[in-house]
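Chemist: Take this structure first; my questions come after.
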Amino acid sequence: MNREYLIEAKNIKKYFPIKAGLLSRVVGHVKAVDDVSFGIRPGETFGLVGESGCGKSTLGRVVLNLQRATSGEVLFDGTNIHQVNRQENLKLRRDMQIIFQDPFGSLNPRFLVSDIIGEPLRVHLRASAKEIDERVVELMSLVGLDPTRRNRYPHEFSGGQRQRIGIARSIALSPRFIVADEAVSALDVSVQSQVLNLMMKLQKEMGLTYLFIAHGLNVVRHISDRVGVMYLGKMVEIARTDDLFAQPLHPYTAALLSAIPKPTPHRRQERIVLQGDVPSPANPPSGCRFHPRCPMAQERCSKEIPELIEVGQDRQVACHFPLA
Amino acid sequence: MERNILEIKNLTTCFFTDDGTVKATDRVSINVGKGQTVCLVGESGSGKSVTSLAVMRLIDYAGGFIQSGNVMFHGQDLAAKELDEMMHIRGNKIAMIFQDPMSALNPVFTVGDQIAESLMLHQNMSQQDAFKKAIEMLRMVGIPAPEVRVKQYPHEMSGGMCQRVVIAMALACNPEMLIADEPTTALDVTVQAQILDLLRRLQKELGMSILLITHDMGVAAEMADRIAVMYAGTIVEEGTVERIFDEPRHPYTIGLLQSIPGFEGERGSELYTIQGTIPSITQLPTGCRFHPRCPHSIDKCRKEEPILREVVTGQQVACWLNEDVSNHFRRNQRTNSVAGSKAEVNRQ
Amino acid sequence: MSQVQLQDDTVVETNRPGGQLPTNPVGQKPPGLWTTAGKKFMRNPYAVGGLIVLLFFIGIAVFADWVAPHDPAKIDFMITNLPPGTEGYVLGTDELGRDILSRLIHSSRVSMLVGFSVAFAAVVIGTLIGAISGYFGGWIDTCFMRLVDVMNSIPSLFFNILVLALFGAEFIYMILILSLTSWTSVARLVRGQFLQLREMQYVEAARAIGVSHWGIITRHLIRNAMAPIIVYATLMVGSAILSESGLSYLGLGIQPPETSWGLMLSKAQEFMLVDPLQALYPGLCILLVVLAVNFVGDGIRDAFDPRKKKKNPKRRLNKWNATSSK
């Protein structure tokens, strides 16, 4: 396998300051992403899972340079994307795109669909209105939308169709890397499978690389080659999908896997139910961040922060006492 | 046969829209037995939430009305009741919990006040007794240190905690029937598992019936005794949880089950999809509402609307077809479950 | 029976009439946003009515010299206070024997010029500052908003009088000073809108595409903040016309023999008991112009609002029937 990464994140930290008082004094930091490193190989789908507030969406935005990291660097094809000038940044925007979760909020309600899909073309290419229109028609057919409806507003489309509009916009400039931020989470099951199929089809045809952020583990399992699991701003486990699902090494991954309700009524009882809630990332627990909820926590866990270490081929885990 | 607590018979509800009155549900019938959990499963726009609103008669406040049909609760027809009579039933005999726990709680009152309110209203408790009961309720729903929590405001709690408070509020008056409209959709999976466990435990302890509305087949499989599948305002299939999952007979149910990316299916393979999109209730197809998306539709489907009829004991289907579809699916299912049990073995 | 197009070109018969919109065939560029909005505007009878009235007034203002039957400033003590309907003087004459109709026609120039230019300038300045302030936030926002606070804390009438007294009562100064004192409320409004809008996900989507900040503000966001801005602008036209009359009354605005509706209105006060009609004419003109502007404004707003549909007047009736029959 090619070890070369298309995109690589090194020791990414993203802290949001908490301000208080009259003079907006910084009283603390929300450590949304705390020292996370990972890489995605070309043509691969990297799934990123975790519960809300674990920092997976923030990480996705840092990787795209939509938010600046507090420290750490992101390399895309060897260039550090946080240290580029305007011109280079504009060029990077053509190579890296994002698909959003909310099919309603991510499309400007006052734009015609043709304007929404044509926007990236208008910004990046010197094309006439007619050429843009032709390309919009092409893109709409590609994602399975009826091009004769391109002069409508987004609210006249259903949720799944709007998600297709979002996808058409993101592939308009033939990018190489796409962050799909919960791209199918808001959709109904039957529509969700349509959009997943479309994304897989586009990946095959255009050679796309995906960072697939989701909280639905079954979806991630289906589409990803490798999966990273995040908890409270930390990457706790990275593994090949099959390995991860066959044998999770981190207790959190194991709990997450067993918490998903499966459509099989006969196996109801086999579950690890975690106690308590996800702590606030403004005030994370000491040591291993998962230790207060971990069923097998020991004294060391509350004192020492576990490093993400290589434990097998293509497999990393951050736990003092990994399962297995 | 056990007595049914709630019997919904041919419930048809309508909404006022700019295009005139529109039927949101059409002849929906559901029975909920004592101590049972019935799941109403369907995609957005299928009319599952409207049905629950109609049972509570909250639909009258949402711009709609019950056109015909009955909602029998203990031999009384709720559909024919005056709205002020419903006040004594709502929250007292039938309670409801909603999807978003944060917006279901009033941010300017402490959670104790909010739980105590319904007790003082429905059971004429004194304020002190109501507060004591509120603490008891919070303990029952598994909130640690309820004496402290009872004086806190909703924003001081996490989403999961808030949903527990909402459940405590709903159960304070010891209702016989709980209607839960997507109670875990807004929550994370690990918290969802907690809440589902809690609902199951409370149901056992209190012996209440639950009408659970969800879009997640996984949640339905975990919770339900019976499942009713809704599509475009009608129930297309109804039956015990085993029958629905093992031998679904309606093409829609089959499609829905197959399109869930599984844990056993081949990774990266093309997922099964139901073609097309859910029709808007203002533009329903003629005949069977599912026929434009149905892979097996025949001429009859286009013309006549099928009605729900019992095909096997404990399973009703509204479809003009067909033994063939379900047979076909059963074969698939068997191969799948063989593969599944193999994977299971591998895991150990 | 009507037919509805589902996805994948399958045509399905439905049992309900569906609103079928025209489709845009492939290979032919569909009309853009402005064309579509223009057509929608022309279908709105109130808006078209307002536009006609407005064009009529503007036409009169532009061609005042040719339209007016007399010289508005010509004083003739032989024909003071003629009643309306007198031969040659349709609306009669005032206390100095000037033809009221001619004065009304010439007044429209000043009044409408003040009304529109003040509203326009205030909206442009206010929108720009509000948009920048709301979009960027931080210290830019703080600076601009403190400026707005300072502007608001000075009584505007006093400020107007002071400036006009210092620099001289010129027409152009009056427009400038009125604009400068009225943009603050627009800025606050637009800032509030932008604070909300900048959090929308489509803004992030635009950023991910590589649209510049300026492009996001002008192309993506102003369109969404349009509705309240238009409402505000239409109201401002009326208030600017009246502010001008206030200043003119104090002798700081229009200087006689020039005249404006506001000035005529305030002059008519003196003759309120003798000849109340003198106050009615300019009042009516102001009312008509402001109403017309309102209708046109609403028309523009609705034309750009994608969700605006024709209202069903029977809706309430249906609802009443259904509930009462139960």
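Simple scheme: letters A, B, ... for chains in structure tokens order, numbers from 1 for residues in each chain, numbers from 1 for ligands in the order shown.
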Mind dumping a table of every chain C residue within 8 Å of chain A, with the nearest atom pair and its distance in Å to one decimal, using only C-alpha atoms, sorted by chain and rising number, as CSV?
Modeler:
```
residue,atom,partner,partner_atom,distance
C:Gln7,CA,A:Asp146,CA,7.0
C:Asp8,CA,A:Asp146,CA,7.5
C:Asp9,CA,A:Asp146,CA,7.9
C:Thr23,CA,A:Thr148,CA,5.2
C:Asn24,CA,A:Thr148,CA,4.5
C:Pro25,CA,A:Thr148,CA,5.1
C:Val26,CA,A:Thr148,CA,6.1
C:Gly27,CA,A:Glu134,CA,6.7
C:Lys29,CA,A:Asp133,CA,6.1
C:Pro30,CA,A:Asn151,CA,6.5
C:Pro31,CA,A:Asn151,CA,7.7
C:Gly32,CA,A:Asn151,CA,7.9
C:Leu33,CA,A:Leu112,CA,7.2
C:Met200,CA,A:Gly105,CA,6.3
C:Gln201,CA,A:Ser106,CA,4.6
C:Tyr202,CA,A:Ser106,CA,4.1
C:Val203,CA,A:Ser106,CA,7.8
C:Glu204,CA,A:Leu66,CA,7.8
C:Ala205,CA,A:Ser106,CA,6.6
C:Arg207,CA,A:Leu66,CA,7.4
C:Ala208,CA,A:Arg93,CA,6.4
C:Ile209,CA,A:Pro120,CA,5.6
C:Gly210,CA,A:Leu90,CA,5.8
C:Val211,CA,A:Val123,CA,6.5
C:His220,CA,A:Asn108,CA,7.2
C:Arg223,CA,A:Arg110,CA,6.8
C:Asn224,CA,A:Arg110,CA,6.5
C:Phe304,CA,A:Arg110,CA,7.5
C:Asp305,CA,A:Arg110,CA,7.1
C:Pro306,CA,A:Arg110,CA,6.5
C:Arg307,CA,A:His155,CA,7.7
```
Chemist: Write out as a list in words the residues lying within 7 Å of Lys48 in chain B, counting only C-alpha atoms and excluding same-chain residues fewer than 5 positions away.
Modeler: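 Listed by chain and then number, they are Leu40, Gly42, Ile213 and Met230 of chain B.
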Chemist: At a cut-off of 9 Å, which residues of chain B touch chain A? Count only C-alpha atoms and give the answer as a JSON list (two decimals) with C-alpha atoms, in the first residue's frame.
Modeler:
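Final output, out24.json:
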```json
[["chain", "number", "residue", "atom", "x", "y", "z"],
["B", 42, "GLY", "CA", -41.57, 6.04, 9.08],
["B", 43, "GLU", "CA", -39.55, 8.64, 7.26],
["B", 44, "SER", "CA", -40.05, 12.36, 7.56],
["B", 158, "SER", "CA", -26.54, 18.33, 29.39],
["B", 159, "GLY", "CA", -28.88, 17.14, 26.65],
["B", 160, "GLY", "CA", -29.12, 13.65, 28.09],
["B", 161, "MET", "CA", -29.88, 15.02, 31.57],
["B", 187, "LEU", "CA", -28.95, 12.66, 21.48],
["B", 188, "ASP", "CA", -25.64, 10.93, 20.98],
["B", 189, "VAL", "CA", -25.54, 7.17, 20.59],
["B", 190, "THR", "CA", -24.11, 6.43, 24.02],
["B", 191, "VAL", "CA", -26.67, 8.71, 25.67],
["B", 192, "GLN", "CA", -29.39, 7.27, 23.45],
["B", 193, "ALA", "CA", -28.53, 3.83, 24.80],
["B", 194, "GLN", "CA", -28.93, 5.17, 28.34],
["B", 197, "ASP", "CA", -32.54, 1.52, 28.82],
["B", 215, "HIS", "CA", -37.38, 6.85, 12.13],
["B", 216, "ASP", "CA", -34.65, 4.52, 13.28],
["B", 217, "MET", "CA", -35.33, 0.86, 12.57],
["B", 218, "GLY", "CA", -32.59, 0.01, 15.07],
["B", 219, "VAL", "CA", -34.39, 1.78, 17.92],
["B", 220, "ALA", "CA", -37.65, 0.12, 16.91],
["B", 221, "ALA", "CA", -36.00, -3.30, 16.95],
["B", 222, "GLU", "CA", -34.68, -2.67, 20.44],
["B", 223, "MET", "CA", -37.83, -1.31, 22.00],
["B", 224, "ALA", "CA", -40.95, -2.50, 20.27],
["B", 241, "VAL", "CA", -41.42, -6.93, 15.92],
["B", 242, "GLU", "CA", -40.21, -10.41, 14.97],
["B", 245, "PHE", "CA", -37.94, -7.80, 10.87],
["B", 246, "ASP", "CA", -37.90, -11.46, 9.87],
["B", 255, "GLY", "CA", -36.67, -1.56, 1.08],
["B", 256, "LEU", "CA", -36.27, 0.35, 4.30],
["B", 257, "LEU", "CA", -34.64, -2.59, 6.03],
["B", 259, "SER", "CA", -31.18, 0.22, 2.64],
["B", 260, "ILE", "CA", -29.70, 0.47, 6.15],
["B", 261, "PRO", "CA", -25.96, 0.11, 5.76],
["B", 262, "GLY", "CA", -25.47, -3.01, 7.80],
["B", 263, "PHE", "CA", -22.70, -4.40, 9.90],
["B", 265, "GLY", "CA", -22.96, -6.44, 4.30],
["B", 266, "GLU", "CA", -19.95, -6.04, 2.07],
["B", 267, "ARG", "CA", -18.13, -2.80, 2.69],
["B", 268, "GLY", "CA", -18.16, -0.26, -0.12],
["B", 269, "SER", "CA", -20.75, -2.20, -2.10],
["B", 270, "GLU", "CA", -23.65, -0.37, -3.63],
["B", 271, "LEU", "CA", -26.44, -0.01, -1.13],
["B", 272, "TYR", "CA", -29.97, -1.03, -1.86],
["B", 273, "THR", "CA", -32.06, 2.03, -2.52],
["B", 274, "ILE", "CA", -35.70, 2.81, -2.90],
["B", 275, "GLN", "CA", -35.95, 4.83, -6.11],
["B", 276, "GLY", "CA", -37.29, 8.35, -6.07],
["B", 277, "THR", "CA", -38.41, 10.48, -3.16],
["B", 278, "ILE", "CA", -41.22, 10.52, -0.65],
["B", 343, "ALA", "CA", -19.21, -12.80, 11.61],
["B", 346, "ASN", "CA", -15.36, -14.68, 14.17],
["B", 347, "ARG", "CA", -15.72, -11.96, 16.72]]
```
Chemist: List every residue of range 23-121 of chain A that DSSP, applied to the backbone of this structure, places in strand (DSSP E or B), and write the result as a PyMOL selection string.
Modeler: chain A and resi 25-40+45-49+71-76+79-80+96-99
Chemist: May I ask for the distance between CA of Ser102 in chain C and CA of Gly168 in chain C, given in Å to one decimal place?
Modeler: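 Taking CA of Ser102 in chain C as the start and CA of Gly168 in chain C as the end point, the length is 27.6 Å.
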Chemist: Could you tell me how far CA of Ile165 in chain A lies from CA of Gly55 in chain A, in Å and to one decimal?
Modeler: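 Straight-line distance from CA of Ile165 in chain A to CA of Gly55 in chain A works out to 26.3 Å.
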Chemist: Can you tell me which residues surround Ser243 in chain C at a distance of at most 12 Å, considering only C-alpha atoms, apart from same-chain residues fewer than 6 positions away, and format the answer as number ranges by chain?
Modeler: C: 111, 114-115, 118-119, 156-157, 160-161, 174-175, 177-179, 181-182, 236-237, 249-250, 252-254, 260-263, 266
Chemist: Quick one: which chain B residues come within 12 Å of chain C, and what is the nearest atom pair for each with the distance in Å to one decimal, counting only C-alpha atoms, rows ordered by chain and ascending number, as a Markdown table?
Modeler:
```
| residue | atom | partner | partner_atom | distance |
| --- | --- | --- | --- | --- |
| B:Thr13 | CA | C:Ala322 | CA | 11.7 |
| B:Cys14 | CA | C:Ala322 | CA | 9.8 |
| B:Phe15 | CA | C:Lys319 | CA | 9.1 |
| B:Phe16 | CA | C:Lys319 | CA | 6.7 |
| B:Thr17 | CA | C:Arg315 | CA | 7.2 |
| B:Asp18 | CA | C:Asn312 | CA | 5.4 |
| B:Asp19 | CA | C:Asn312 | CA | 7.1 |
| B:Gly20 | CA | C:Arg315 | CA | 6.3 |
| B:Thr21 | CA | C:Asn318 | CA | 7.5 |
| B:Val22 | CA | C:Arg16 | CA | 9.8 |
| B:Lys23 | CA | C:Arg16 | CA | 11.1 |
| B:Asp60 | CA | C:Thr323 | CA | 9.6 |
| B:Gly63 | CA | C:Lys319 | CA | 8.8 |
| B:Gly64 | CA | C:Lys319 | CA | 8.8 |
| B:Phe65 | CA | C:Thr323 | CA | 7.8 |
| B:Ile66 | CA | C:Lys326 | CA | 9.3 |
| B:Gln67 | CA | C:Ala322 | CA | 8.5 |
| B:Ser68 | CA | C:Lys326 | CA | 9.8 |
| B:Ala79 | CA | C:Lys326 | CA | 10.7 |
| B:Ala80 | CA | C:Lys326 | CA | 9.0 |
| B:Lys81 | CA | C:Lys326 | CA | 11.1 |
| B:Glu82 | CA | C:Lys326 | CA | 10.9 |
| B:Ile274 | CA | C:Gln7 | CA | 11.7 |
| B:Gln275 | CA | C:Gln7 | CA | 8.3 |
| B:Gly276 | CA | C:Gln7 | CA | 5.4 |
| B:Thr277 | CA | C:Gln7 | CA | 7.2 |
| B:Ile278 | CA | C:Leu6 | CA | 9.4 |
| B:Pro279 | CA | C:Leu6 | CA | 8.3 |
| B:Ser280 | CA | C:Gly18 | CA | 10.1 |
| B:Ile281 | CA | C:Arg16 | CA | 9.4 |
| B:Thr282 | CA | C:Arg16 | CA | 6.7 |
| B:Gln283 | CA | C:Arg16 | CA | 5.6 |
| B:Leu284 | CA | C:Thr14 | CA | 5.4 |
| B:Pro285 | CA | C:Thr14 | CA | 4.1 |
| B:Thr286 | CA | C:Thr14 | CA | 5.1 |
| B:Gly287 | CA | C:Asn15 | CA | 8.9 |
| B:Cys288 | CA | C:Thr14 | CA | 10.8 |
| B:Arg289 | CA | C:Thr14 | CA | 9.4 |
| B:Phe290 | CA | C:Val12 | CA | 11.1 |
| B:His291 | CA | C:Val12 | CA | 9.3 |
| B:Pro292 | CA | C:Val12 | CA | 6.7 |
| B:Arg293 | CA | C:Leu6 | CA | 9.5 |
| B:Arg302 | CA | C:Glu13 | CA | 8.6 |
| B:Lys303 | CA | C:Glu13 | CA | 9.9 |
| B:Glu304 | CA | C:Asn15 | CA | 11.8 |
| B:Glu305 | CA | C:Asn15 | CA | 11.7 |
```
Chemist: Print the selection's residues with N, CA and C atoms to a file, as a tab-separated table (two decimals), in the first residue's frame.
Modeler:
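Once everything was written out, this is result-v3.tsv:
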```tsv
chain	number	residue	atom	x	y	z
B	13	THR	N	-56.61	12.79	9.61
B	13	THR	CA	-56.37	14.16	10.06
B	13	THR	C	-56.06	15.05	8.87
B	14	CYS	N	-56.40	16.30	9.03
B	14	CYS	CA	-56.17	17.26	7.94
B	14	CYS	C	-55.46	18.49	8.46
B	15	PHE	N	-54.77	19.14	7.56
B	15	PHE	CA	-54.14	20.42	7.88
B	15	PHE	C	-54.62	21.48	6.91
B	16	PHE	N	-54.66	22.72	7.41
B	16	PHE	CA	-54.99	23.82	6.52
B	16	PHE	C	-53.71	24.34	5.91
B	17	THR	N	-53.67	24.40	4.61
B	17	THR	CA	-52.50	24.99	3.96
B	17	THR	C	-52.98	25.98	2.91
B	18	ASP	N	-52.04	26.61	2.25
B	18	ASP	CA	-52.39	27.56	1.21
B	18	ASP	C	-53.07	26.88	0.02
B	19	ASP	N	-52.81	25.57	-0.11
B	19	ASP	CA	-53.44	24.84	-1.22
B	19	ASP	C	-54.76	24.21	-0.79
B	20	GLY	N	-55.33	24.68	0.30
B	20	GLY	CA	-56.57	24.09	0.78
B	20	GLY	C	-56.27	23.09	1.88
B	21	THR	N	-57.29	22.33	2.30
B	21	THR	CA	-57.05	21.35	3.36
B	21	THR	C	-56.36	20.13	2.77
B	22	VAL	N	-55.40	19.62	3.49
B	22	VAL	CA	-54.61	18.50	3.02
B	22	VAL	C	-54.64	17.40	4.06
B	23	LYS	N	-54.87	16.19	3.59
B	23	LYS	CA	-54.90	15.06	4.51
B	23	LYS	C	-53.48	14.69	4.92
B	60	ASP	N	-55.08	20.31	17.25
B	60	ASP	CA	-55.98	21.47	17.15
B	60	ASP	C	-55.23	22.79	17.31
B	63	GLY	N	-52.82	23.83	13.82
B	63	GLY	CA	-53.38	24.23	12.53
B	63	GLY	C	-54.02	23.09	11.78
B	64	GLY	N	-54.38	22.04	12.49
B	64	GLY	CA	-55.04	20.92	11.82
B	64	GLY	C	-56.26	20.48	12.59
B	65	PHE	N	-56.90	19.41	12.15
B	65	PHE	CA	-58.06	18.89	12.88
B	65	PHE	C	-58.26	17.42	12.53
B	66	ILE	N	-59.00	16.75	13.37
B	66	ILE	CA	-59.32	15.34	13.09
B	66	ILE	C	-60.57	15.32	12.24
B	67	GLN	N	-60.44	14.76	11.06
B	67	GLN	CA	-61.59	14.78	10.16
B	67	GLN	C	-62.55	13.65	10.49
B	68	SER	N	-62.02	12.46	10.67
B	68	SER	CA	-62.88	11.35	11.03
B	68	SER	C	-62.06	10.32	11.79
B	79	ALA	N	-61.18	11.80	20.35
B	79	ALA	CA	-61.36	12.63	19.17
B	79	ALA	C	-62.61	13.49	19.28
B	80	ALA	N	-63.58	13.05	20.13
B	80	ALA	CA	-64.84	13.80	20.22
B	80	ALA	C	-64.88	14.70	21.45
B	81	LYS	N	-63.79	14.67	22.23
B	81	LYS	CA	-63.80	15.45	23.46
B	81	LYS	C	-63.62	16.94	23.20
B	82	GLU	N	-64.14	17.73	24.14
B	82	GLU	CA	-63.88	19.16	24.07
B	82	GLU	C	-62.43	19.41	24.50
B	274	ILE	N	-34.35	2.67	-2.38
B	274	ILE	CA	-35.70	2.81	-2.90
B	274	ILE	C	-35.63	3.98	-3.87
B	275	GLN	N	-36.02	3.77	-5.09
B	275	GLN	CA	-35.95	4.83	-6.11
B	275	GLN	C	-36.82	6.02	-5.72
B	276	GLY	N	-36.41	7.19	-6.19
B	276	GLY	CA	-37.29	8.35	-6.07
B	276	GLY	C	-37.34	8.92	-4.66
B	277	THR	N	-38.30	9.82	-4.46
B	277	THR	CA	-38.41	10.48	-3.16
B	277	THR	C	-39.82	10.31	-2.61
B	278	ILE	N	-39.92	10.59	-1.31
B	278	ILE	CA	-41.22	10.52	-0.65
B	278	ILE	C	-42.14	11.58	-1.26
B	279	PRO	N	-43.35	11.21	-1.68
B	279	PRO	CA	-44.22	12.23	-2.28
B	279	PRO	C	-44.71	13.21	-1.23
B	280	SER	N	-44.91	14.43	-1.66
B	280	SER	CA	-45.47	15.42	-0.75
B	280	SER	C	-46.94	15.10	-0.54
B	281	ILE	N	-47.47	15.40	0.65
B	281	ILE	CA	-48.86	15.02	0.92
B	281	ILE	C	-49.84	15.81	0.06
B	282	THR	N	-49.36	16.86	-0.57
B	282	THR	CA	-50.27	17.58	-1.46
B	282	THR	C	-50.31	16.97	-2.85
B	283	GLN	N	-49.37	16.08	-3.13
B	283	GLN	CA	-49.33	15.48	-4.46
B	283	GLN	C	-49.15	13.98	-4.36
B	284	LEU	N	-50.16	13.33	-3.83
B	284	LEU	CA	-50.04	11.89	-3.64
B	284	LEU	C	-50.35	11.15	-4.94
B	285	PRO	N	-49.63	10.07	-5.17
B	285	PRO	CA	-49.96	9.25	-6.35
B	285	PRO	C	-51.33	8.60	-6.17
B	286	THR	N	-51.94	8.26	-7.28
B	286	THR	CA	-53.19	7.52	-7.20
B	286	THR	C	-52.90	6.07	-6.82
B	287	GLY	N	-53.95	5.37	-6.44
B	287	GLY	CA	-53.77	3.96	-6.09
B	287	GLY	C	-52.90	3.81	-4.87
B	288	CYS	N	-52.04	2.81	-4.92
B	288	CYS	CA	-51.12	2.61	-3.80
B	288	CYS	C	-50.14	3.76	-3.79
B	289	ARG	N	-49.95	4.36	-2.61
B	289	ARG	CA	-49.10	5.55	-2.54
B	289	ARG	C	-47.63	5.24	-2.79
B	290	PHE	N	-47.29	3.99	-2.70
B	290	PHE	CA	-45.88	3.63	-2.85
B	290	PHE	C	-45.58	3.20	-4.29
B	291	HIS	N	-46.59	3.04	-5.13
B	291	HIS	CA	-46.34	2.36	-6.40
B	291	HIS	C	-45.30	3.01	-7.31
B	292	PRO	N	-45.17	4.40	-7.32
B	292	PRO	CA	-44.14	4.94	-8.23
B	292	PRO	C	-42.73	4.53	-7.83
B	293	ARG	N	-42.55	4.18	-6.58
B	293	ARG	CA	-41.20	3.82	-6.13
B	293	ARG	C	-41.04	2.32	-5.95
B	302	ARG	N	-51.64	0.95	-9.50
B	302	ARG	CA	-51.77	2.31	-9.99
B	302	ARG	C	-53.20	2.82	-9.83
B	303	LYS	N	-54.13	1.87	-9.76
B	303	LYS	CA	-55.52	2.29	-9.80
B	303	LYS	C	-56.24	2.22	-8.46
B	304	GLU	N	-55.97	1.17	-7.72
B	304	GLU	CA	-56.74	1.01	-6.49
B	304	GLU	C	-55.83	1.10	-5.28
B	305	GLU	N	-56.34	1.72	-4.24
B	305	GLU	CA	-55.54	1.83	-3.04
B	305	GLU	C	-55.74	0.58	-2.18
```
Chemist: Which residues come within 10 Å of range 229-235 of chain C, counting only C-alpha atoms, excluding same-chain residues fewer than 2 positions away, as a PyMOL selection string?
Modeler: chain C and resi 115-116+118-124+126-127+185-187+189-190+193+222+225-227+237-240+290-301
Chemist: Would you list the contacts of range 133-135 of chain C as a PyMOL selection string, taking every protein, DNA or RNA residue within 8 Å and counting only C-alpha atoms, but skipping same-chain residues closer than 5 positions in sequence?
Modeler: chain C and resi 140-142+144-145+190-195+198+217
Chemist: Keeping only N, CA and C atoms, write the selected residues as a short mmCIF file (atom, residue, chain, number, x, y, z; two decimals), in the first residue's frame.
Modeler:
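Once written, selection_37.cif looks like this:
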```cif
data_model
loop_
_atom_site.label_atom_id
_atom_site.label_comp_id
_atom_site.auth_asym_id
_atom_site.auth_seq_id
_atom_site.Cartn_x
_atom_site.Cartn_y
_atom_site.Cartn_z
N ILE C 140 -13.77 46.01 14.90
CA ILE C 140 -14.42 46.82 13.85
C ILE C 140 -15.85 47.14 14.28
N ASP C 141 -16.52 46.09 14.74
CA ASP C 141 -17.90 46.23 15.20
C ASP C 141 -17.96 47.22 16.35
N THR C 142 -17.06 47.05 17.32
CA THR C 142 -17.06 47.93 18.48
C THR C 142 -16.90 49.39 18.06
N PHE C 144 -17.49 50.91 15.11
CA PHE C 144 -18.65 51.44 14.39
C PHE C 144 -19.84 51.64 15.31
N MET C 145 -20.07 50.68 16.19
CA MET C 145 -21.25 50.77 17.03
C MET C 145 -21.12 51.89 18.07
N VAL C 190 -29.17 46.55 10.10
CA VAL C 190 -28.42 45.67 9.21
C VAL C 190 -27.39 44.87 9.99
N ARG C 191 -26.78 45.50 10.98
CA ARG C 191 -25.81 44.78 11.80
C ARG C 191 -26.47 43.59 12.49
N GLY C 192 -27.66 43.85 13.05
CA GLY C 192 -28.39 42.76 13.70
C GLY C 192 -28.65 41.60 12.75
N GLN C 193 -29.09 41.94 11.56
CA GLN C 193 -29.35 40.91 10.54
C GLN C 193 -28.08 40.14 10.22
N PHE C 194 -26.99 40.87 10.03
CA PHE C 194 -25.74 40.23 9.62
C PHE C 194 -25.16 39.35 10.73
N LEU C 195 -25.35 39.77 11.96
CA LEU C 195 -24.87 38.94 13.06
C LEU C 195 -25.51 37.56 12.99
N ARG C 198 -24.39 35.74 9.33
CA ARG C 198 -23.02 35.27 9.11
C ARG C 198 -22.79 33.89 9.73
N ILE C 217 -20.45 39.36 1.47
CA ILE C 217 -21.32 40.43 1.96
C ILE C 217 -22.27 40.89 0.86
#
```
Chemist: Would you kindly return, as a compact mmCIF listing (two decimals) with C-alpha atoms, in the first residue's frame, each protein, DNA or RNA residue with an atom no farther than 12 Å from any atom of Val108 in chain B, considering only C-alpha atoms and excluding same-chain residues fewer than 4 positions away?
Modeler:
```
# COMPACT_ATOMS: atom_id res chain seq x y z
CA SER B 103 -36.86 23.38 23.97
CA GLY B 112 -38.12 21.13 40.15
CA ASP B 113 -40.71 23.85 39.50
CA GLN B 114 -41.51 22.36 36.13
CA LYS B 151 -33.02 23.52 42.06
CA GLN B 152 -31.06 23.84 38.84
CA TYR B 153 -32.10 25.42 35.58
CA PRO B 154 -32.27 23.51 32.28
CA HIS B 155 -29.20 25.22 30.83
CA GLU B 156 -27.08 23.84 33.65
```
Chemist: I need the residues in range 29-206 of chain A that are helix (DSSP H, G or I) according to DSSP; give them as number ranges by chain.
Modeler: A: 56-63, 86-95, 113-124, 129-142, 147-149, 154-156, 159-171, 189-206
Chemist: Please identify all polymer residues within 7 Å of range 72-82 of chain C, counting only C-alpha atoms, omitting same-chain residues fewer than 4 positions from it, and present them as a list in words.
Modeler: Thr86, Gly92, Thr93, Asp94, Glu95, Leu96, Gly97, Arg98, Asp99, Ser102, Arg103 and Pro257 of chain C
Chemist: Quick one: distance from CA of Thr79 in chain A to CA of Ala180 in chain A in Å, one decimal?
Modeler: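 A separation of 21.8 Å between them.
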Chemist: Select, from C:Phe63, C:Trp183, C:Phe57, C:Trp214, the residue with the minimum atom-to-atom distance to Gly130 in chain C, counting only C-alpha atoms.
Modeler: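 For Gly130 in chain C, the nearest of the given residues is C:Trp183.
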